[in-house]
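Colleague: Sharing a structure, written as structure tokens. Questions coming.
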There are 2 protein chains.
Amino acid sequence: MLIDGIPKKALESSNDFTVTIIDQTLLPHKLEYIKLENLNDCIKAIKDMWIRGAPLIGVTVAYGMYFAIKDNPSDKNIIKSYKLLLNTRPTAVDLKWALDNILNKTLKIKQKERLSYTWKFSRELEANSIKQCSKIGDYGLEIIKSKMVQGETFNILTHCNAGWLACVDWGTALSPIYKAFNEGLDIHVWVDETRPRSQGASLTTWELSKHGVSNTLIVDNAGGHLMQNGKVNMCIVGSDRTASNGDVCNKIGTYMKALCAYDNNIPFYVALPESSIDFNLKSGVNKIEIEERSNKEVTHIRGINSLGELSSIKIVPDMVKSHNPGFDVTPARLVTKLITDKGICNANSKSISELFKNN
Amino acid sequence: MLIDGIPKKALESSNDFTVTIIDQTLLPHKLEYIKLENLNDCIKAIKDMWIRGAPLIGVTVAYGMYFAIKDNPSDKNIIKSYKLLLNTRPTAVDLKWALDNILNKTLKIKQKERLSYTWKFSRELEANSIKQCSKIGDYGLEIIKSKMVQGETFNILTHCNAGWLACVDWGTALSPIYKAFNEGLDIHVWVDETRPRSQGASLTTWELSKHGVSNTLIVDNAGGHLMQNGKVNMCIVGSDRTASNGDVCNKIGTYMKALCAYDNNIPFYVALPESSIDFNLKSGVNKIEIEERSNKEVTHIRGINSLGELSSIKIVPDMVKSHNPGFDVTPARLVTKLITDKGICNANSKSISELFKNN
């Protein structure tokens, strides 16, 4: 998508075997690029959330394996690196999918072939991610078009960041929005702040605004009121992991937005690539291990101080205890449709398995 | 309630005609008292949210009228001051109730009697508020006791601050919690941060901790996940305005918590004094004017910086637009019971009018 008119991606590899990412922890205040040069860079990039988002994590761990093999292509090092990368973020299923693919294949081929295989795999994963997200956008665009009323602004609510910053390009939830904008449709996006890390405030408003899409930031508490008062035409969110019955594990707070949409007869869509579906997981509610993140995410907030410097403040005294689950699970019954790179389906086992049976 | 073992109130008047409040905008970082000395102090205290919470606002406007009449007891000044105080916060109904009472009475009596009448009225309002909140606590305590299981911690989720800081003492939603704690019951409170002003993080964690009640801060997004996973036994919130059918207007985000509780069969209670019921309002959903507050509440956050100073940071660049509704309306169908100073009733017109018909 565009940053002030110039096309950019969240991760860019080039023919000289370099991989560059944006340090998303500095957004929206600073735009800085980081070169990933070894396995540790990739682990740090994920753990410290320089990059985040299930699809982008998937591509990054692939390059992590590439750097690991470049350093040492032995079975032992591949298995060790696999484990290190697998443990960076426990919830995202794309991560495991990419790692399993590389592990299984590289252990079967000669050591000297492993590096070039992994580079090629990673590049393809990167390119495919863009294609998949673009397809999600095409399918989602049809839904938006079918629901728009001539002469009226179409209001879409989204939670967290499932935009191009979470993928390589286009995004999942935001891809249909970019497609609609690029076609000149009159859309407006309500952006949930998404505490505790505020990815909505920091990333979604930034990437939408930079591309030119009209958007308004709201606190996570406000969506229900807007939906109750006819200010939201549809919701679209992403998914970190989708169970085979359509239960959706996504950023903490998604479940409550789905409940609200359901209570107000507003369609609630989840946009996701096939790789985020965990076909081995029958259902998600109370079945998916939820990542417990640092309390500091709750108690400290970063922004620009009165001197114009990026700094962190503590919002509560040290005596305050806090608890910080990173994701929640939205039951399939609250999901109107899944928008995938392979097409649109209902959030149930039958519809999902029908859509993906030939893939 | 207690601050480090010493009994304190959110507003204290004394026989020498002085009124002292806590500057709640500095909490939880600093505890500072402010003396209210004239009408403007009272207006500023409400508008700048040195004090907030429907019951406490009600008492403060009464003293505002006292100071106005002390300055000038004419009809003209009483009417002018009434209007100024009425416009400080549009949502709270306690405010109008107190002001109407003073206006109607003082205009009927001699000028020289107005000051002493208003002082007496305000003092009684203050004392009654404490009694009402204590009664709410007694009724709520019975509910807690009836639901507790021997040997298990009882987990209560609350939103915003409906504690003694929102009233004069005890609180509304927190009053049953203090009563339970004072009886030695094993309770724990999940405290919603309550963006944008973060009254949960700033005030509720502070007042509960200072009194000794076990509590844990969570972001507003986390409650759904906790409820879905059996970590919440009941919810209690306050009300800024209650329609005669039981619809509840409370801090933005309350509606979503009620939806979650309903979806997980968790009882959702609203604790309120009679004065917060608007008997003239048949229903609340889409009927109550919702206060639009400053965008700065969304885009700026206050806390302690690395130098230990209280300071404000800007979390998004100036290009980001935001929208900030202060309250939402929870439909009566999601409310298990209303806990009032007159007893417990169902959230419907029949039950409410039966409970209050003799009052």
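Each chain in the structure tokens gets a letter, A, B, ..., in the order shown, and its residues are numbered from 1; ligands are numbered from 1 in order too.
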Select, as a ChimeraX atom specification, those residues of chain B with any atom no more than 7 Å from chain A (distances computed using only C-alpha atoms).

Modeller: /B:28-29,195-196,201-202,205,216-222,224-225,229,252-253,255-256,259-260,286,298,302-306,312-317,320-325,328

Colleague: Can you list every residue in stretch 148-344 of chain A that DSSP puts in helix (DSSP H, G or I), as number ranges by chain?

Modeller: A: 164-166, 175-182, 199-211, 223-228, 254-263, 274-276, 296-299, 332-334

Colleague: Could you find all residues in stretch 77-204 of chain B that DSSP calls strand (DSSP E) from the backbone, and write them as a VMD selection string?

Modeller: chain B and resid 154 to 158 187 to 192

Colleague: Can you list every residue of stretch 127-234 of chain B that has an atom at most 9 Å from stretch 58-79 of chain B, with its nearest atom pair and the distance in Å to one decimal, using only C-alpha atoms, ordered by chain then number, as a Markdown table?

Modeller:
```
| residue | atom | partner | partner_atom | distance |
| --- | --- | --- | --- | --- |
| B:Ser129 | CA | B:Val59 | CA | 8.1 |
| B:Cys167 | CA | B:Val59 | CA | 8.5 |
| B:Val168 | CA | B:Val59 | CA | 8.2 |
```

Colleague: For B:Cys133, work out the shell of residues within 12 Å, counting only C-alpha atoms and skipping chain neighbours fewer than 6 positions away, then give it as a PyMOL selection string.

Modeller: chain B and resi 1+55-56+125-127+139-140+162-179+238+271-275+339-343

Colleague: Can you spit out the residues from that selection as a JSON list (two decimals), in the first residue's frame, using C-alpha atoms?

Modeller:
```json
[["chain", "number", "residue", "atom", "x", "y", "z"],
["B", 1, "MET", "CA", -13.67, 4.09, 53.30],
["B", 55, "PRO", "CA", -24.00, 11.00, 43.26],
["B", 56, "LEU", "CA", -20.97, 13.16, 44.06],
["B", 125, "LEU", "CA", -28.02, 15.46, 50.69],
["B", 126, "GLU", "CA", -24.43, 14.65, 51.63],
["B", 127, "ALA", "CA", -25.47, 12.62, 54.66],
["B", 139, "TYR", "CA", -28.63, -5.21, 49.73],
["B", 140, "GLY", "CA", -25.76, -6.07, 47.38],
["B", 162, "ALA", "CA", -18.66, 3.65, 41.01],
["B", 163, "GLY", "CA", -16.88, 3.62, 44.32],
["B", 164, "TRP", "CA", -16.68, 6.04, 47.22],
["B", 165, "LEU", "CA", -14.79, 8.45, 44.98],
["B", 166, "ALA", "CA", -17.91, 8.69, 42.78],
["B", 167, "CYS", "CA", -20.19, 9.26, 45.76],
["B", 168, "VAL", "CA", -19.42, 10.68, 49.17],
["B", 169, "ASP", "CA", -18.65, 7.38, 50.84],
["B", 170, "TRP", "CA", -19.13, 3.63, 50.19],
["B", 171, "GLY", "CA", -19.93, 3.99, 46.49],
["B", 172, "THR", "CA", -22.71, 2.34, 44.52],
["B", 173, "ALA", "CA", -21.25, -0.64, 42.62],
["B", 174, "LEU", "CA", -18.34, -0.92, 45.06],
["B", 175, "SER", "CA", -20.43, -0.58, 48.20],
["B", 176, "PRO", "CA", -21.45, -4.28, 48.30],
["B", 177, "ILE", "CA", -17.78, -5.11, 47.68],
["B", 178, "TYR", "CA", -16.62, -3.04, 50.66],
["B", 179, "LYS", "CA", -19.35, -4.57, 52.83],
["B", 238, "GLY", "CA", -23.08, 1.93, 38.54],
["B", 271, "ALA", "CA", -26.20, -0.48, 41.71],
["B", 272, "LEU", "CA", -27.79, 2.94, 41.98],
["B", 273, "PRO", "CA", -29.48, 5.37, 44.35],
["B", 274, "GLU", "CA", -33.10, 6.34, 43.66],
["B", 275, "SER", "CA", -31.93, 9.78, 42.52],
["B", 339, "ILE", "CA", -29.59, -2.90, 43.50],
["B", 340, "THR", "CA", -30.96, 0.32, 44.99],
["B", 341, "ASP", "CA", -31.01, 2.00, 48.37],
["B", 342, "LYS", "CA", -34.67, 0.97, 48.62],
["B", 343, "GLY", "CA", -34.07, -2.67, 47.82]]
```

Colleague: Could you name the residues that touch B:Ser14 at 12 Å or less, counting only C-alpha atoms, but leaving out those on the same chain fewer than 6 positions away, as an NGL selection string?

Modeller: :B and (20-21 or 35-36 or 63 or 119-120 or 122-123 or 126-127)

Colleague: Could you please take those selected residues and save N, CA, C and O atoms as a PDB file, in the first residue's frame?

Modeller:
```pdb
ATOM      1  N   THR B  20     -14.621  20.429  51.300  1.00  0.00           N
ATOM      2  CA  THR B  20     -13.332  19.979  50.797  1.00  0.00           C
ATOM      3  C   THR B  20     -13.517  18.733  49.935  1.00  0.00           C
ATOM      4  O   THR B  20     -14.284  17.837  50.287  1.00  0.00           O
ATOM      5  N   ILE B  21     -12.827  18.703  48.797  1.00  0.00           N
ATOM      6  CA  ILE B  21     -12.877  17.523  47.920  1.00  0.00           C
ATOM      7  C   ILE B  21     -11.453  17.028  47.645  1.00  0.00           C
ATOM      8  O   ILE B  21     -10.474  17.708  47.949  1.00  0.00           O
ATOM      9  N   LYS B  35     -10.188  22.975  48.562  1.00  0.00           N
ATOM     10  CA  LYS B  35     -11.315  23.604  49.238  1.00  0.00           C
ATOM     11  C   LYS B  35     -12.188  24.304  48.193  1.00  0.00           C
ATOM     12  O   LYS B  35     -11.686  25.087  47.385  1.00  0.00           O
ATOM     13  N   LEU B  36     -13.476  23.989  48.178  1.00  0.00           N
ATOM     14  CA  LEU B  36     -14.399  24.698  47.293  1.00  0.00           C
ATOM     15  C   LEU B  36     -14.880  25.937  48.031  1.00  0.00           C
ATOM     16  O   LEU B  36     -15.386  25.837  49.155  1.00  0.00           O
ATOM     17  N   TYR B  63     -23.910  22.282  46.894  1.00  0.00           N
ATOM     18  CA  TYR B  63     -23.013  23.253  47.529  1.00  0.00           C
ATOM     19  C   TYR B  63     -22.712  24.414  46.588  1.00  0.00           C
ATOM     20  O   TYR B  63     -22.485  25.545  47.025  1.00  0.00           O
ATOM     21  N   TRP B 119     -27.798  25.467  52.666  1.00  0.00           N
ATOM     22  CA  TRP B 119     -26.742  24.773  53.407  1.00  0.00           C
ATOM     23  C   TRP B 119     -27.291  23.493  54.048  1.00  0.00           C
ATOM     24  O   TRP B 119     -26.692  22.418  53.929  1.00  0.00           O
ATOM     25  N   LYS B 120     -28.450  23.647  54.693  1.00  0.00           N
ATOM     26  CA  LYS B 120     -29.058  22.503  55.364  1.00  0.00           C
ATOM     27  C   LYS B 120     -29.404  21.403  54.340  1.00  0.00           C
ATOM     28  O   LYS B 120     -29.137  20.215  54.571  1.00  0.00           O
ATOM     29  N   SER B 122     -28.009  20.856  51.457  1.00  0.00           N
ATOM     30  CA  SER B 122     -26.788  20.249  50.920  1.00  0.00           C
ATOM     31  C   SER B 122     -26.182  19.254  51.914  1.00  0.00           C
ATOM     32  O   SER B 122     -25.746  18.159  51.543  1.00  0.00           O
ATOM     33  N   ARG B 123     -26.184  19.682  53.191  1.00  0.00           N
ATOM     34  CA  ARG B 123     -25.646  18.797  54.236  1.00  0.00           C
ATOM     35  C   ARG B 123     -26.475  17.511  54.327  1.00  0.00           C
ATOM     36  O   ARG B 123     -25.931  16.414  54.503  1.00  0.00           O
ATOM     37  N   GLU B 126     -25.722  15.302  51.403  1.00  0.00           N
ATOM     38  CA  GLU B 126     -24.425  14.646  51.628  1.00  0.00           C
ATOM     39  C   GLU B 126     -24.597  13.446  52.579  1.00  0.00           C
ATOM     40  O   GLU B 126     -24.138  12.343  52.292  1.00  0.00           O
ATOM     41  N   ALA B 127     -25.283  13.696  53.679  1.00  0.00           N
ATOM     42  CA  ALA B 127     -25.474  12.617  54.662  1.00  0.00           C
ATOM     43  C   ALA B 127     -26.348  11.502  54.094  1.00  0.00           C
ATOM     44  O   ALA B 127     -26.069  10.310  54.287  1.00  0.00           O
TER      45      ALA B 127
END
```

Colleague: One decimal, Å: what's the distance from atom CA of A:Gln24 over to atom CA of A:Val189, could you say?

Modeller: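 If I compute the distance from atom CA of A:Gln24 to atom CA of A:Val189, I get 20.9 Å.
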